[in-house]
Amino acid sequence: MSLRSSPVRTPRMRKEETFLGKLGGTLRRKKAREVSDLQEEGKNAINSPLAPSLADLHPEDTLLEENEERTMIDPTSKDDPKFKELVKVLIDWINEVLVEDRIIVKQLEEDLFDGQVLQKLLETLAGCRLNVAEVTQTEMGQRQKLQTVLEAVQELLRPHGWALPWTVDAIHGKNLVAILHLLVSLAMHFRAPIRLPEHVSVQVVVVRKREGLLHSSHVIEELTTTTEQMMGRFERDAFDTLFDHAPDKLNLVKKSLITFVNKHLNKLNLEVTELETQFADGVYLVLLMGLLEGYFVPLHHFHLTPDSFDQKVHNVSFAFELMLDGGLQKPKARPEDVVSLDLKSTLRVLYNLFNKYKNAE
C-alpha cells in the first residue's frame with residue numbers, strides 16, 4: 001500500500017480558503033434571504049386586496065369566515081395626541097371610580113373585554129348590584145356577564161335616545177372603538193368630573209372576507225363632539241334659556257349673585273366684581289362655604305394661592321364636597337368647567353348656594 005503525500009499548504013493558501021469559505025456562506029445566506037423575500041412578495045401580490053397598507057393587522061384579524069367583518073383603528077389615528085388624551089382621561093376616570101376596589105386599568109382593550117371591570121364600574125356609578133357571577137373564567141361566562149352589563153347600560157341610556165354602537169361581540173373581541181363609545185356614553189350619562197377632549201375622530205379600517213379574499217375600506221368614527229353637547233345639552237335648565245334667549249335678564253341674575261356673595265365675603269374684607277374669573281381658582285368658593293355654614297376651613301385642606309390647573313380643580317372639588325356636607329345636591333357643573341372660566345357652570349354653582357342661603361346672615 002502506497003502512501004500519497006499531502007500537498008503542502010502555505011499560510012497564504014489557507015487564508016484564501018478561509019475567505020472563500022466565508023464568501024460562500026454569505027452568498028448562500030443572501031440567496032436564502034432572496035428566496036424568502038421573493039416568497040413574501042409573491043404572497044403579498046396574490047393577496048394584494050387582503051389588507052390596507054397602513055392598518056396594524058394581527059394574524060387573528062385575517063382569520064375571518066366568509067362575509068365576516070372586523071374593524072381596527074388605523075395606527076396613524078392611534079398616534080393622534082387628542083386620541084391618546086381621550087384614552088388617558090378615560091383610564092384615569094375608571095381608576096379613580098374604582099379606587100376602593102383596588103382595580104387598576106392599564107389598557108382598555110385587555111382590561112375591559114371580559115366584563116369584570118365594566119360590571120364594577122357600572123355598579124359603582126349607578127349604585128346598583130348586578131346579578132352576575134363575580135369571577136368568570138370561561139368565554140361563555142364572560143359573554144353572559146357582558147350581556148347582563150350591556151343590557152343594564154342600555155336601560156340607563158335609552159331615555160337619552162342615543163345610538164349604542166357596541167355589542168357583546170365587539171367588546172369581547174377587544175374592539176377599542178366600541179369600548180371607547182361605551183365609556184364616553186357612560187361618562188356623559190353620569191356627568192363624570194372629567195374633561196373629554198373635543199372633536200376626537202379616528203380612521204377605522206373595516207376588513208371583510210368576500211369570495212375567499214379580504215377586502216378593506218376606511219370610515220371615520222366620531223368619538224367625541226363638543227363639551228356642551230356631551231355633558232350638558234340633554235339637561236337644559238333655566239341658565240340655558242337665559243344664555244340663549246334672555247341675555248338682558250342674565251345681567252340681573254349676575255348682579256343678584258354678586259350682591260349675595262359679597263354680603264358674606266365682605267366679612268373677610270374680600271369683594272367680588274367678576275363671577276367667572278374670581279371663583280375660577282376655588283379659593284372664594286371654599287371660604288364662602290365656611291362663612292355660610294359657620295366654620296373655619298383649615299388652610300391645609302386647600303391651596304390658598306393655587307398656581308396650576310390641578311390645584312384649582314382640587315379647590316373647586318373640595319368646595320363641592322363641603323356643599324354636599326351642607327346638605328346641598330351635587331352641583332351639575334364640573335370643577336374643570338368652573339376652573340376653565342365657564343360662566344354658565346359658575347352661575348349654576350352660585351345659584352345653588354343662593355337658593356339655600358339667601359336668608360342667611
# chains A, B, ... in the order shown; residues from 1 in each chain; ligands from 1
$ select_by_dssp --residues "range 164-312 of chain A" --states "helix (DSSP H, G or I)" --output "MDAnalysis selection string"
chainID A and resid 168:172 176:189 227:231 233:235 238:245 247:268 275:278 283:293 299:301 309:312
$ residues_around --residues "Val168 in chain A" --least-positions-apart "4" --cutoff "8 Å" --atoms "only C-alpha atoms" --output "list of chain:residue names"
A:Arg143, A:Leu146, A:Gln147, A:Leu150, A:His172
$ write_last_selection --atoms "N, CA and C atoms" --output "mmCIF file, in the first residue's frame"
data_model
loop_
_atom_site.group_PDB
_atom_site.id
_atom_site.type_symbol
_atom_site.label_atom_id
_atom_site.label_comp_id
_atom_site.auth_asym_id
_atom_site.auth_seq_id
_atom_site.Cartn_x
_atom_site.Cartn_y
_atom_site.Cartn_z
ATOM 1 N N ARG A 143 -69.072 36.204 28.255
ATOM 2 C CA ARG A 143 -70.079 36.776 27.353
ATOM 3 C C ARG A 143 -71.416 36.969 28.061
ATOM 4 N N LEU A 146 -71.040 40.048 30.176
ATOM 5 C CA LEU A 146 -71.087 41.225 29.310
ATOM 6 C C LEU A 146 -72.507 41.531 28.854
ATOM 7 N N GLN A 147 -73.248 40.489 28.514
ATOM 8 C CA GLN A 147 -74.634 40.666 28.074
ATOM 9 C C GLN A 147 -75.456 41.337 29.160
ATOM 10 N N LEU A 150 -74.263 45.068 29.587
ATOM 11 C CA LEU A 150 -74.670 45.935 28.482
ATOM 12 C C LEU A 150 -76.178 46.143 28.438
ATOM 13 N N HIS A 172 -66.159 42.014 23.663
ATOM 14 C CA HIS A 172 -65.387 40.812 23.980
ATOM 15 C C HIS A 172 -64.283 40.592 22.949
#
$ atom_distance --atom1 "CA of Thr167 in chain A" --atom2 "CA of Glu198 in chain A"
24.5 Å
$ closest_residue --among "A:Glu123, A:Ala152, A:Leu182, A:Leu268" --to "Leu164 in chain A" --atoms "only C-alpha atoms"
A:Leu182
$ atom_distance --atom1 "CA of Gly161 in chain A" --atom2 "CA of Val105 in chain A"
29.4 Å
$ closest_residue --among "A:Gly290, A:Pro335, A:Pro247, A:Pro298" --to "Lys267 in chain A" --atoms "only C-alpha atoms"
A:Gly290
$ residues_around --residues "range 279-282 of chain A" --least-positions-apart "3" --cutoff "6 Å" --atoms "only C-alpha atoms" --output "mmCIF file with N, CA and C atoms, in the first residue's frame"
data_model
loop_
_atom_site.group_PDB
_atom_site.id
_atom_site.type_symbol
_atom_site.label_atom_id
_atom_site.label_comp_id
_atom_site.auth_asym_id
_atom_site.auth_seq_id
_atom_site.Cartn_x
_atom_site.Cartn_y
_atom_site.Cartn_z
ATOM 1 N N LEU A 285 -64.774 80.084 46.699
ATOM 2 C CA LEU A 285 -65.843 79.105 46.923
ATOM 3 C C LEU A 285 -65.674 78.405 48.268
ATOM 4 N N LYS A 312 -56.267 74.234 41.213
ATOM 5 C CA LYS A 312 -57.555 74.936 41.168
ATOM 6 C C LYS A 312 -58.716 73.940 41.143
ATOM 7 N N ASN A 315 -59.311 72.661 44.570
ATOM 8 C CA ASN A 315 -60.046 73.607 45.411
ATOM 9 C C ASN A 315 -61.550 73.574 45.123
ATOM 10 N N VAL A 316 -61.905 73.619 43.831
ATOM 11 C CA VAL A 316 -63.328 73.611 43.474
ATOM 12 C C VAL A 316 -63.974 72.282 43.877
ATOM 13 N N VAL A 338 -65.661 75.122 35.903
ATOM 14 C CA VAL A 338 -65.540 76.348 36.703
ATOM 15 C C VAL A 338 -64.133 76.918 36.557
ATOM 16 N N VAL A 339 -63.123 76.033 36.654
ATOM 17 C CA VAL A 339 -61.731 76.468 36.534
ATOM 18 C C VAL A 339 -61.459 77.030 35.142
ATOM 19 N N LEU A 341 -63.227 78.889 33.433
ATOM 20 C CA LEU A 341 -63.932 80.168 33.277
ATOM 21 C C LEU A 341 -65.248 80.037 32.520
#
$ residues_around --residues "range 351-355 of chain A" --least-positions-apart "3" --cutoff "10 Å" --atoms "only C-alpha atoms" --output "compact mmCIF listing (two decimals) with all heavy atoms, in the first residue's frame"
# COMPACT_ATOMS: atom_id res chain seq x y z
N PHE A 239 -80.62 78.37 33.09
CA PHE A 239 -79.47 79.13 32.62
C PHE A 239 -79.25 78.94 31.13
O PHE A 239 -78.78 79.86 30.45
CB PHE A 239 -78.22 78.73 33.42
CG PHE A 239 -78.19 79.32 34.80
CD1 PHE A 239 -78.54 78.56 35.90
CD2 PHE A 239 -77.88 80.65 34.99
CE1 PHE A 239 -78.54 79.11 37.17
CE2 PHE A 239 -77.87 81.22 36.26
CZ PHE A 239 -78.21 80.45 37.36
N VAL A 253 -79.39 88.59 36.95
CA VAL A 253 -79.05 87.43 37.78
C VAL A 253 -77.63 87.55 38.30
O VAL A 253 -77.35 87.29 39.48
CB VAL A 253 -79.21 86.13 36.96
CG1 VAL A 253 -78.69 84.93 37.75
CG2 VAL A 253 -80.67 85.91 36.58
N LYS A 254 -76.71 87.98 37.44
CA LYS A 254 -75.31 88.13 37.87
C LYS A 254 -75.19 89.17 38.98
O LYS A 254 -74.47 88.95 39.96
CB LYS A 254 -74.44 88.53 36.67
CG LYS A 254 -74.26 87.41 35.65
CD LYS A 254 -73.57 87.88 34.39
CE LYS A 254 -72.15 88.34 34.64
NZ LYS A 254 -71.48 88.71 33.36
N SER A 256 -77.47 90.04 41.14
CA SER A 256 -78.06 89.49 42.37
C SER A 256 -77.09 88.53 43.06
O SER A 256 -76.95 88.54 44.29
CB SER A 256 -79.36 88.76 42.06
OG SER A 256 -80.32 89.64 41.52
N LEU A 257 -76.41 87.71 42.28
CA LEU A 257 -75.47 86.75 42.85
C LEU A 257 -74.23 87.46 43.41
O LEU A 257 -73.70 87.06 44.45
CB LEU A 257 -75.05 85.72 41.79
CG LEU A 257 -76.16 84.75 41.36
CD1 LEU A 257 -75.66 83.83 40.24
CD2 LEU A 257 -76.65 83.92 42.54
N PHE A 260 -75.18 88.81 46.71
CA PHE A 260 -75.28 87.71 47.68
C PHE A 260 -73.90 87.27 48.19
O PHE A 260 -73.68 87.17 49.40
CB PHE A 260 -76.01 86.53 47.04
CG PHE A 260 -75.84 85.24 47.77
CD1 PHE A 260 -76.45 85.02 49.01
CD2 PHE A 260 -75.07 84.22 47.22
CE1 PHE A 260 -76.28 83.81 49.68
CE2 PHE A 260 -74.91 83.01 47.88
CZ PHE A 260 -75.51 82.80 49.11
N VAL A 261 -72.96 87.03 47.29
CA VAL A 261 -71.66 86.52 47.73
C VAL A 261 -70.88 87.59 48.49
O VAL A 261 -70.17 87.30 49.47
CB VAL A 261 -70.83 85.97 46.54
CG1 VAL A 261 -71.55 84.80 45.91
CG2 VAL A 261 -70.52 87.04 45.52
N LEU A 288 -66.33 80.91 51.04
CA LEU A 288 -67.76 81.22 51.09
C LEU A 288 -68.53 80.11 51.80
O LEU A 288 -69.43 80.40 52.61
CB LEU A 288 -68.29 81.42 49.67
CG LEU A 288 -69.77 81.78 49.54
CD1 LEU A 288 -70.08 83.08 50.28
CD2 LEU A 288 -70.17 81.89 48.07
N MET A 289 -68.18 78.84 51.51
CA MET A 289 -68.87 77.73 52.18
C MET A 289 -68.63 77.77 53.68
O MET A 289 -69.54 77.49 54.48
CB MET A 289 -68.41 76.39 51.61
CG MET A 289 -69.08 76.00 50.31
SD MET A 289 -70.89 76.04 50.40
CE MET A 289 -71.21 74.93 51.77
N LEU A 292 -70.87 80.52 55.08
CA LEU A 292 -72.30 80.18 55.05
C LEU A 292 -72.66 79.13 56.09
O LEU A 292 -73.76 79.16 56.66
CB LEU A 292 -72.68 79.67 53.65
CG LEU A 292 -72.61 80.70 52.52
CD1 LEU A 292 -72.84 80.04 51.17
CD2 LEU A 292 -73.66 81.81 52.75
N MET A 323 -70.20 71.49 50.02
CA MET A 323 -71.62 71.70 49.69
C MET A 323 -72.44 70.45 49.97
O MET A 323 -73.54 70.52 50.52
CB MET A 323 -71.75 72.10 48.22
CG MET A 323 -71.14 73.45 47.89
SD MET A 323 -71.19 73.81 46.10
CE MET A 323 -70.01 75.16 46.01
N LEU A 328 -76.51 70.16 50.39
CA LEU A 328 -76.86 70.57 49.02
C LEU A 328 -76.74 69.39 48.07
O LEU A 328 -76.00 68.44 48.33
CB LEU A 328 -75.92 71.68 48.56
CG LEU A 328 -76.13 73.05 49.22
CD1 LEU A 328 -74.89 73.90 49.07
CD2 LEU A 328 -77.32 73.77 48.59
N GLN A 329 -77.45 69.46 46.97
CA GLN A 329 -77.31 68.44 45.95
C GLN A 329 -75.97 68.61 45.23
O GLN A 329 -75.38 69.70 45.22
CB GLN A 329 -78.45 68.54 44.92
CG GLN A 329 -79.80 68.13 45.47
CD GLN A 329 -80.86 68.12 44.40
OE1 GLN A 329 -80.68 68.68 43.32
NE2 GLN A 329 -81.97 67.47 44.68
N LYS A 330 -75.50 67.53 44.63
CA LYS A 330 -74.25 67.60 43.89
C LYS A 330 -74.39 68.59 42.74
O LYS A 330 -75.35 68.52 41.97
CB LYS A 330 -73.89 66.22 43.33
CG LYS A 330 -72.57 66.19 42.59
CD LYS A 330 -72.26 64.79 42.08
CE LYS A 330 -70.93 64.76 41.33
NZ LYS A 330 -70.62 63.40 40.84
N PRO A 331 -73.47 69.56 42.62
CA PRO A 331 -73.59 70.55 41.54
C PRO A 331 -73.60 69.89 40.17
O PRO A 331 -72.92 68.89 39.93
CB PRO A 331 -72.32 71.40 41.72
CG PRO A 331 -71.94 71.23 43.16
CD PRO A 331 -72.32 69.81 43.50
N LYS A 332 -74.40 70.46 39.26
CA LYS A 332 -74.43 69.94 37.89
C LYS A 332 -73.13 70.24 37.16
O LYS A 332 -72.72 69.51 36.26
CB LYS A 332 -75.60 70.55 37.13
CG LYS A 332 -76.97 70.07 37.59
CD LYS A 332 -78.05 70.68 36.73
CE LYS A 332 -79.43 70.17 37.13
NZ LYS A 332 -80.49 70.75 36.29
N SER A 345 -71.44 77.45 34.14
CA SER A 345 -71.18 76.50 35.22
C SER A 345 -71.02 77.21 36.56
O SER A 345 -71.55 76.76 37.58
CB SER A 345 -69.91 75.70 34.91
OG SER A 345 -70.07 74.93 33.75
N THR A 346 -70.31 78.31 36.55
CA THR A 346 -70.12 79.08 37.78
C THR A 346 -71.45 79.61 38.31
O THR A 346 -71.72 79.57 39.52
CB THR A 346 -69.14 80.24 37.54
OG1 THR A 346 -67.91 79.72 37.03
CG2 THR A 346 -68.87 81.00 38.84
N LEU A 347 -72.28 80.11 37.40
CA LEU A 347 -73.59 80.63 37.83
C LEU A 347 -74.46 79.52 38.42
O LEU A 347 -75.18 79.76 39.41
CB LEU A 347 -74.31 81.27 36.64
CG LEU A 347 -73.70 82.57 36.09
CD1 LEU A 347 -74.50 83.07 34.90
CD2 LEU A 347 -73.65 83.64 37.18
N ARG A 348 -74.40 78.33 37.84
CA ARG A 348 -75.19 77.22 38.37
C ARG A 348 -74.78 76.91 39.82
O ARG A 348 -75.63 76.66 40.67
CB ARG A 348 -75.00 75.98 37.50
CG ARG A 348 -75.73 76.02 36.17
CD ARG A 348 -75.67 74.68 35.47
NE ARG A 348 -76.46 74.67 34.25
CZ ARG A 348 -75.96 74.58 33.02
NH1 ARG A 348 -74.65 74.49 32.86
NH2 ARG A 348 -76.75 74.58 31.97
N LYS A 358 -79.94 82.26 50.91
CA LYS A 358 -80.27 83.66 50.61
C LYS A 358 -80.74 84.45 51.83
O LYS A 358 -80.63 85.68 51.86
CB LYS A 358 -81.34 83.72 49.52
CG LYS A 358 -82.62 82.97 49.82
CD LYS A 358 -83.52 82.93 48.60
CE LYS A 358 -84.73 82.06 48.83
NZ LYS A 358 -85.56 81.90 47.61
N ASN A 359 -81.23 83.75 52.85
CA ASN A 359 -81.68 84.45 54.07
C ASN A 359 -80.68 84.36 55.19
O ASN A 359 -80.95 84.81 56.30
CB ASN A 359 -83.03 83.86 54.52
CG ASN A 359 -84.13 84.11 53.50
OD1 ASN A 359 -84.21 85.18 52.90
ND2 ASN A 359 -84.99 83.10 53.30
N ALA A 360 -79.52 83.75 54.91
CA ALA A 360 -78.51 83.62 55.97
C ALA A 360 -77.85 84.96 56.24
O ALA A 360 -77.63 85.76 55.32
CB ALA A 360 -77.44 82.59 55.54
$ closest_residue --among "A:Thr224, A:Thr148, A:Gln107, A:Gln119" --to "Phe83 in chain A" --atoms "only C-alpha atoms"
A:Thr224
$ residues_around --residues "Trp162 in chain A" --least-positions-apart "5" --cutoff "12 Å" --atoms "only C-alpha atoms" --output "mmCIF file with all heavy atoms, in the first residue's frame"
data_model
loop_
_atom_site.group_PDB
_atom_site.id
_atom_site.type_symbol
_atom_site.label_atom_id
_atom_site.label_comp_id
_atom_site.auth_asym_id
_atom_site.auth_seq_id
_atom_site.Cartn_x
_atom_site.Cartn_y
_atom_site.Cartn_z
ATOM 1 N N VAL A 153 -76.744 48.844 30.920
ATOM 2 C CA VAL A 153 -76.341 50.122 30.340
ATOM 3 C C VAL A 153 -77.414 50.631 29.380
ATOM 4 O O VAL A 153 -77.759 51.816 29.373
ATOM 5 C CB VAL A 153 -74.987 49.976 29.602
ATOM 6 C CG1 VAL A 153 -74.678 51.236 28.794
ATOM 7 C CG2 VAL A 153 -73.871 49.693 30.589
ATOM 8 N N GLN A 154 -77.958 49.734 28.573
ATOM 9 C CA GLN A 154 -78.986 50.120 27.612
ATOM 10 C C GLN A 154 -80.207 50.697 28.317
ATOM 11 O O GLN A 154 -80.806 51.676 27.861
ATOM 12 C CB GLN A 154 -79.384 48.913 26.771
ATOM 13 C CG GLN A 154 -80.377 49.225 25.661
ATOM 14 C CD GLN A 154 -80.659 48.017 24.784
ATOM 15 O OE1 GLN A 154 -80.001 46.990 24.911
ATOM 16 N NE2 GLN A 154 -81.642 48.131 23.914
ATOM 17 N N GLU A 155 -80.590 50.098 29.447
ATOM 18 C CA GLU A 155 -81.736 50.609 30.209
ATOM 19 C C GLU A 155 -81.471 52.024 30.718
ATOM 20 O O GLU A 155 -82.363 52.871 30.723
ATOM 21 C CB GLU A 155 -82.025 49.677 31.397
ATOM 22 C CG GLU A 155 -82.665 48.359 31.006
ATOM 23 C CD GLU A 155 -84.031 48.543 30.363
ATOM 24 O OE1 GLU A 155 -84.829 49.361 30.879
ATOM 25 O OE2 GLU A 155 -84.294 47.914 29.327
ATOM 26 N N LEU A 156 -80.213 52.284 31.126
ATOM 27 C CA LEU A 156 -79.863 53.608 31.633
ATOM 28 C C LEU A 156 -79.866 54.657 30.525
ATOM 29 O O LEU A 156 -80.323 55.792 30.731
ATOM 30 C CB LEU A 156 -78.480 53.570 32.283
ATOM 31 C CG LEU A 156 -78.358 52.936 33.672
ATOM 32 C CD1 LEU A 156 -76.891 52.844 34.067
ATOM 33 C CD2 LEU A 156 -79.121 53.766 34.706
ATOM 34 N N LEU A 157 -79.345 54.281 29.369
ATOM 35 C CA LEU A 157 -79.142 55.260 28.304
ATOM 36 C C LEU A 157 -80.332 55.424 27.372
ATOM 37 O O LEU A 157 -80.406 56.391 26.617
ATOM 38 C CB LEU A 157 -77.916 54.865 27.472
ATOM 39 C CG LEU A 157 -76.586 54.726 28.233
ATOM 40 C CD1 LEU A 157 -75.458 54.444 27.259
ATOM 41 C CD2 LEU A 157 -76.290 55.968 29.062
ATOM 42 N N HIS A 181 -66.647 54.187 22.673
ATOM 43 C CA HIS A 181 -68.022 54.686 22.564
ATOM 44 C C HIS A 181 -68.796 54.408 23.864
ATOM 45 O O HIS A 181 -69.531 55.265 24.364
ATOM 46 C CB HIS A 181 -68.742 54.013 21.393
ATOM 47 C CG HIS A 181 -68.494 54.664 20.074
ATOM 48 N ND1 HIS A 181 -68.722 56.009 19.850
ATOM 49 C CD2 HIS A 181 -68.064 54.155 18.887
ATOM 50 C CE1 HIS A 181 -68.437 56.302 18.592
ATOM 51 N NE2 HIS A 181 -68.034 55.195 17.986
ATOM 52 N N LEU A 182 -68.639 53.207 24.402
ATOM 53 C CA LEU A 182 -69.344 52.827 25.630
ATOM 54 C C LEU A 182 -68.919 53.709 26.793
ATOM 55 O O LEU A 182 -69.762 54.234 27.537
ATOM 56 C CB LEU A 182 -69.065 51.355 25.937
ATOM 57 C CG LEU A 182 -69.566 50.815 27.284
ATOM 58 C CD1 LEU A 182 -71.075 50.965 27.394
ATOM 59 C CD2 LEU A 182 -69.154 49.357 27.451
ATOM 60 N N VAL A 184 -67.428 56.702 26.790
ATOM 61 C CA VAL A 184 -67.814 58.101 26.605
ATOM 62 C C VAL A 184 -69.296 58.286 26.945
ATOM 63 O O VAL A 184 -69.683 59.260 27.604
ATOM 64 C CB VAL A 184 -67.528 58.559 25.159
ATOM 65 C CG1 VAL A 184 -68.194 59.913 24.873
ATOM 66 C CG2 VAL A 184 -66.021 58.665 24.925
ATOM 67 N N SER A 185 -70.130 57.337 26.536
ATOM 68 C CA SER A 185 -71.568 57.427 26.844
ATOM 69 C C SER A 185 -71.816 57.325 28.348
ATOM 70 O O SER A 185 -72.662 58.054 28.889
ATOM 71 C CB SER A 185 -72.331 56.305 26.117
ATOM 72 O OG SER A 185 -72.269 56.487 24.718
ATOM 73 N N LEU A 186 -71.096 56.452 29.031
ATOM 74 C CA LEU A 186 -71.235 56.344 30.487
ATOM 75 C C LEU A 186 -70.783 57.638 31.165
ATOM 76 O O LEU A 186 -71.427 58.111 32.109
ATOM 77 C CB LEU A 186 -70.433 55.161 31.013
ATOM 78 C CG LEU A 186 -70.973 53.767 30.692
ATOM 79 C CD1 LEU A 186 -70.008 52.689 31.173
ATOM 80 C CD2 LEU A 186 -72.349 53.555 31.336
ATOM 81 N N MET A 188 -70.830 60.614 29.900
ATOM 82 C CA MET A 188 -71.847 61.626 29.631
ATOM 83 C C MET A 188 -73.061 61.432 30.539
ATOM 84 O O MET A 188 -73.569 62.393 31.139
ATOM 85 C CB MET A 188 -72.270 61.553 28.165
ATOM 86 C CG MET A 188 -71.221 62.027 27.185
ATOM 87 S SD MET A 188 -71.573 61.540 25.468
ATOM 88 C CE MET A 188 -73.186 62.279 25.215
ATOM 89 N N HIS A 189 -73.540 60.186 30.642
ATOM 90 C CA HIS A 189 -74.742 59.920 31.432
ATOM 91 C C HIS A 189 -74.537 60.259 32.908
ATOM 92 O O HIS A 189 -75.412 60.866 33.548
ATOM 93 C CB HIS A 189 -75.148 58.460 31.288
ATOM 94 C CG HIS A 189 -76.304 58.069 32.178
ATOM 95 N ND1 HIS A 189 -77.616 58.400 31.883
ATOM 96 C CD2 HIS A 189 -76.336 57.405 33.370
ATOM 97 C CE1 HIS A 189 -78.402 57.951 32.852
ATOM 98 N NE2 HIS A 189 -77.657 57.339 33.757
ATOM 99 N N MET A 230 -71.872 66.992 24.790
ATOM 100 C CA MET A 230 -71.651 65.739 25.513
ATOM 101 C C MET A 230 -72.134 65.808 26.951
ATOM 102 O O MET A 230 -72.686 64.840 27.476
ATOM 103 C CB MET A 230 -70.159 65.380 25.492
ATOM 104 C CG MET A 230 -69.643 64.966 24.132
ATOM 105 S SD MET A 230 -67.948 64.372 24.188
ATOM 106 C CE MET A 230 -67.040 65.863 24.559
ATOM 107 N N PHE A 234 -78.400 67.658 27.053
ATOM 108 C CA PHE A 234 -79.580 66.836 27.301
ATOM 109 C C PHE A 234 -80.240 67.168 28.641
ATOM 110 O O PHE A 234 -81.235 66.612 28.999
ATOM 111 C CB PHE A 234 -79.223 65.344 27.258
ATOM 112 C CG PHE A 234 -78.169 64.939 28.246
ATOM 113 C CD1 PHE A 234 -78.497 64.569 29.529
ATOM 114 C CD2 PHE A 234 -76.833 64.916 27.875
ATOM 115 C CE1 PHE A 234 -77.532 64.192 30.428
ATOM 116 C CE2 PHE A 234 -75.863 64.533 28.776
ATOM 117 C CZ PHE A 234 -76.206 64.175 30.054
#
